[in-house]
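A short write-up of the structure that comes next.
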Amino acid sequence: MALVAATAFFFVETQRVTAKWKTSLTVSGLVTLVAAWHYFYMRDVWVNTGSTPTVYRYIDWMITVPLLIVEFYLILSAITKVPAGIFWRLIFGALFMLVFGFLGEAGYMAVLPAFIFSMAGWFFIIWEIYGGQAGKINAESSPPSVQSAFKLMRSIVVLGWAIYPIGYFLGYLTGSGPESSMKTLNIVYNLADVVNKIGFGVIIWTVAVSESDKLAAK
Ligand SMILES: *C/C=C(C)/C=C/C=C(C)/C=C/C1=C(C)CCCC1(C)C
């Protein structure tokens, strides 16, 4: 329900910001919309079968994670020209991370090697936004408010996204019984989605509003 409410909020708020920032807010609303819809499916699976809705969760992530990655590209593009290579490298890292996560969780691959490969994809993304070209462009050409939003967004990719591998670890790698570990897994993933979809959107909303108000004041 929080995802539904956030969707309404982000869409309505697009009216309040300047043209360049509308896209970013629209994408934030799409992320929460796609996730909200999948949560209705996931709830049905959980209530009706008592099993973990892995497939719906990964369909959701396969759509929403690339959209979140697009946000990095969009907020930099609202400021300066950004090479498309950054975009493709981030998408590649995200898909690599998710495909191995799915193979592990769905039982197509042993859980530990899948975890390690998936972690490598995540580290690749972190490297790109800190040490790579995306980080450099931000440091060189963004105004202070965008720089601070970029920094907050990337700390979400480190700290907020870290909740997911913790969930995976608690769910599959601690050796506790499947009954309790599946409950933990789902609770941790659900909380992570609130932080990383709604929280991330709110950060973008904050910069979008402050940058737009600055323009209006000129
Ligand atoms: C809206 C959904 C988001 C932001 C989902 C993000 C998911 C991850 C960062 C998942 C990462 C994983 C690892 C780094 C290792 C274990 C397997 C995963 C897929 C849970």
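Chain labels run A, B, ... following the order of the structure tokens; each chain numbers its residues from 1, and ligands are numbered from 1 in the order shown.
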Residues of region 159-217 of chain A that approach region 117-128 of chain A to 12 Å or less, counting only C-alpha atoms: could you list each one with the shortest pair of atoms and its distance in Å to one decimal, rows by chain and increasing residue number, as CSV?
```
residue,atom,partner,partner_atom,distance
A:Leu159,CA,A:Ile126,CA,10.7
A:Trp161,CA,A:Trp122,CA,8.8
A:Ala162,CA,A:Trp122,CA,9.2
A:Tyr164,CA,A:Met119,CA,10.3
A:Pro165,CA,A:Met119,CA,7.8
A:Ile166,CA,A:Met119,CA,11.0
A:Tyr168,CA,A:Ser118,CA,10.8
A:Phe169,CA,A:Met119,CA,11.4
```
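Excluding region 112-116 of chain A itself and same-chain residues fewer than 4 positions from it, the residues having an atom within 7 Å of it are Phe100, Gly101, Leu103, Gly104 and Ala120 of chain A, counting only C-alpha atoms.
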With C-alpha atoms retained, export the selected residues as a short mmCIF file (atom, residue, chain, number, x, y, z; two decimals), in the first residue's frame.
```cif
data_model
loop_
_atom_site.label_atom_id
_atom_site.label_comp_id
_atom_site.auth_asym_id
_atom_site.auth_seq_id
_atom_site.Cartn_x
_atom_site.Cartn_y
_atom_site.Cartn_z
CA PHE A 100 22.63 -15.32 -10.65
CA GLY A 101 20.42 -14.41 -7.68
CA LEU A 103 19.46 -19.16 -10.46
CA GLY A 104 20.42 -19.63 -6.82
CA ALA A 120 30.38 -9.64 -8.17
#
```
Open item on the list: Could you list, as a PyMOL selection string, every residue within 7 Å of region 15-19 of chain A, counting only C-alpha atoms and ignoring same-chain residues fewer than 5 positions away?
Closed with: chain A and resi 208-209+212
- [ ] Fewer than 5 positions away in the same chain doesn't count, so skip those; otherwise give me all residues within 9 Å of region 45-52 of chain A, counting only C-alpha atoms, as a ChimeraX atom specification.
- [x] /A:40,182-183,185-186
Please save N, CA and C atoms of the selected residues as a compact mmCIF listing (two decimals), in the first residue's frame.
```
# COMPACT_ATOMS: atom_id res chain seq x y z
N PHE A 40 0.99 -7.46 -5.07
CA PHE A 40 -0.34 -8.09 -4.99
C PHE A 40 -0.25 -9.55 -5.42
N MET A 182 12.55 -18.90 5.44
CA MET A 182 11.78 -18.28 4.35
C MET A 182 10.98 -17.08 4.85
N LYS A 183 10.53 -17.14 6.10
CA LYS A 183 9.85 -15.96 6.66
C LYS A 183 10.82 -14.80 6.75
N LEU A 185 13.59 -14.34 5.08
CA LEU A 185 13.94 -13.90 3.72
C LEU A 185 12.92 -12.90 3.19
N ASN A 186 11.65 -13.26 3.29
CA ASN A 186 10.61 -12.40 2.71
C ASN A 186 10.44 -11.08 3.46
```
Task: Among listed residues A:Ile86, A:Ile91, A:Val195, A:Val65, nearest ligand 1 (using only C-alpha atoms and all ligand atoms) - done: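 The shortest atom-to-atom distance to ligand 1 comes from A:Val65.
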Open item on the list: Which residues are near Val82 (chain A)? Cut-off 12 Å, only C-alpha atoms, ignore same chain within fewer than 6 positions. Put them as a ChimeraX atom specification.
Closed with: /A:72-76,88,133-138,140-142
Can you write out the residues you just picked, keeping N, CA and C atoms, as a PDB file, in the first residue's frame?
```pdb
ATOM      1  N   PHE A  72      20.079   7.128 -12.368  1.00  0.00           N
ATOM      2  CA  PHE A  72      21.419   7.704 -12.266  1.00  0.00           C
ATOM      3  C   PHE A  72      21.769   8.437 -13.547  1.00  0.00           C
ATOM      4  N   TYR A  73      21.455   7.759 -14.617  1.00  0.00           N
ATOM      5  CA  TYR A  73      21.743   8.308 -15.929  1.00  0.00           C
ATOM      6  C   TYR A  73      20.927   9.582 -16.160  1.00  0.00           C
ATOM      7  N   LEU A  74      19.649   9.525 -15.777  1.00  0.00           N
ATOM      8  CA  LEU A  74      18.777  10.692 -15.984  1.00  0.00           C
ATOM      9  C   LEU A  74      19.202  11.891 -15.159  1.00  0.00           C
ATOM     10  N   ILE A  75      19.557  11.671 -13.898  1.00  0.00           N
ATOM     11  CA  ILE A  75      19.880  12.866 -13.122  1.00  0.00           C
ATOM     12  C   ILE A  75      21.200  13.484 -13.594  1.00  0.00           C
ATOM     13  N   LEU A  76      22.118  12.648 -14.092  1.00  0.00           N
ATOM     14  CA  LEU A  76      23.333  13.240 -14.670  1.00  0.00           C
ATOM     15  C   LEU A  76      23.020  13.911 -16.005  1.00  0.00           C
ATOM     16  N   TRP A  88      24.930   1.378 -20.246  1.00  0.00           N
ATOM     17  CA  TRP A  88      24.978  -0.055 -20.576  1.00  0.00           C
ATOM     18  C   TRP A  88      25.786  -0.844 -19.560  1.00  0.00           C
ATOM     19  N   GLN A 133      33.305   6.140 -14.601  1.00  0.00           N
ATOM     20  CA  GLN A 133      32.982   7.356 -15.342  1.00  0.00           C
ATOM     21  C   GLN A 133      31.792   8.125 -14.742  1.00  0.00           C
ATOM     22  N   ALA A 134      30.780   7.385 -14.272  1.00  0.00           N
ATOM     23  CA  ALA A 134      29.593   8.060 -13.729  1.00  0.00           C
ATOM     24  C   ALA A 134      29.981   8.933 -12.539  1.00  0.00           C
ATOM     25  N   GLY A 135      30.816   8.377 -11.662  1.00  0.00           N
ATOM     26  CA  GLY A 135      31.274   9.124 -10.498  1.00  0.00           C
ATOM     27  C   GLY A 135      32.060  10.359 -10.906  1.00  0.00           C
ATOM     28  N   LYS A 136      32.920  10.215 -11.936  1.00  0.00           N
ATOM     29  CA  LYS A 136      33.754  11.343 -12.382  1.00  0.00           C
ATOM     30  C   LYS A 136      32.908  12.460 -12.967  1.00  0.00           C
ATOM     31  N   ILE A 137      31.942  12.071 -13.820  1.00  0.00           N
ATOM     32  CA  ILE A 137      31.100  13.094 -14.430  1.00  0.00           C
ATOM     33  C   ILE A 137      30.374  13.879 -13.355  1.00  0.00           C
ATOM     34  N   ASN A 138      29.866  13.166 -12.356  1.00  0.00           N
ATOM     35  CA  ASN A 138      29.171  13.851 -11.278  1.00  0.00           C
ATOM     36  C   ASN A 138      30.099  14.828 -10.569  1.00  0.00           C
ATOM     37  N   GLU A 140      32.726  16.266 -11.645  1.00  0.00           N
ATOM     38  CA  GLU A 140      33.224  17.364 -12.461  1.00  0.00           C
ATOM     39  C   GLU A 140      32.163  18.375 -12.862  1.00  0.00           C
ATOM     40  N   SER A 141      30.930  17.884 -13.135  1.00  0.00           N
ATOM     41  CA  SER A 141      30.018  18.840 -13.759  1.00  0.00           C
ATOM     42  C   SER A 141      28.701  19.118 -13.056  1.00  0.00           C
ATOM     43  N   SER A 142      28.420  18.473 -11.948  1.00  0.00           N
ATOM     44  CA  SER A 142      27.094  18.701 -11.361  1.00  0.00           C
ATOM     45  C   SER A 142      27.089  19.865 -10.371  1.00  0.00           C
TER      46      SER A 142
END
```
TODO: May I ask which of the residues A:Ser77, A:Thr7, A:Thr184, A:Ser145 is the closest one to Gly167 (chain A), counting only C-alpha atoms?
DONE: A:Thr184
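Between Ile79 (chain A) and the residues A:Asp60, A:Glu211, A:Glu105, A:Asp193, the shortest atom-to-atom distance, using only C-alpha atoms, involves A:Glu211.
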Open item on the list: Which residues are close to region 20-25 of chain A, i.e. within 6 Å by only C-alpha atoms, leaving aside same-chain residues fewer than 2 positions away? Reply as a PyMOL selection string.
Closed with: chain A and resi 10+14+18+27-28+78+208
TODO: as a PyMOL selection string, please: all residues of region 22-175 of chain A that backbone DSSP puts in alpha helix (DSSP H).
DONE: chain A and resi 22-49+54-77+84-105+111-130+133-141+144-155+163-172
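Closest approach to Lys197 (chain A) from the set A:Ala94, A:Leu170, A:Ile129, A:Met153 is made by A:Met153, with distances taken over only C-alpha atoms.
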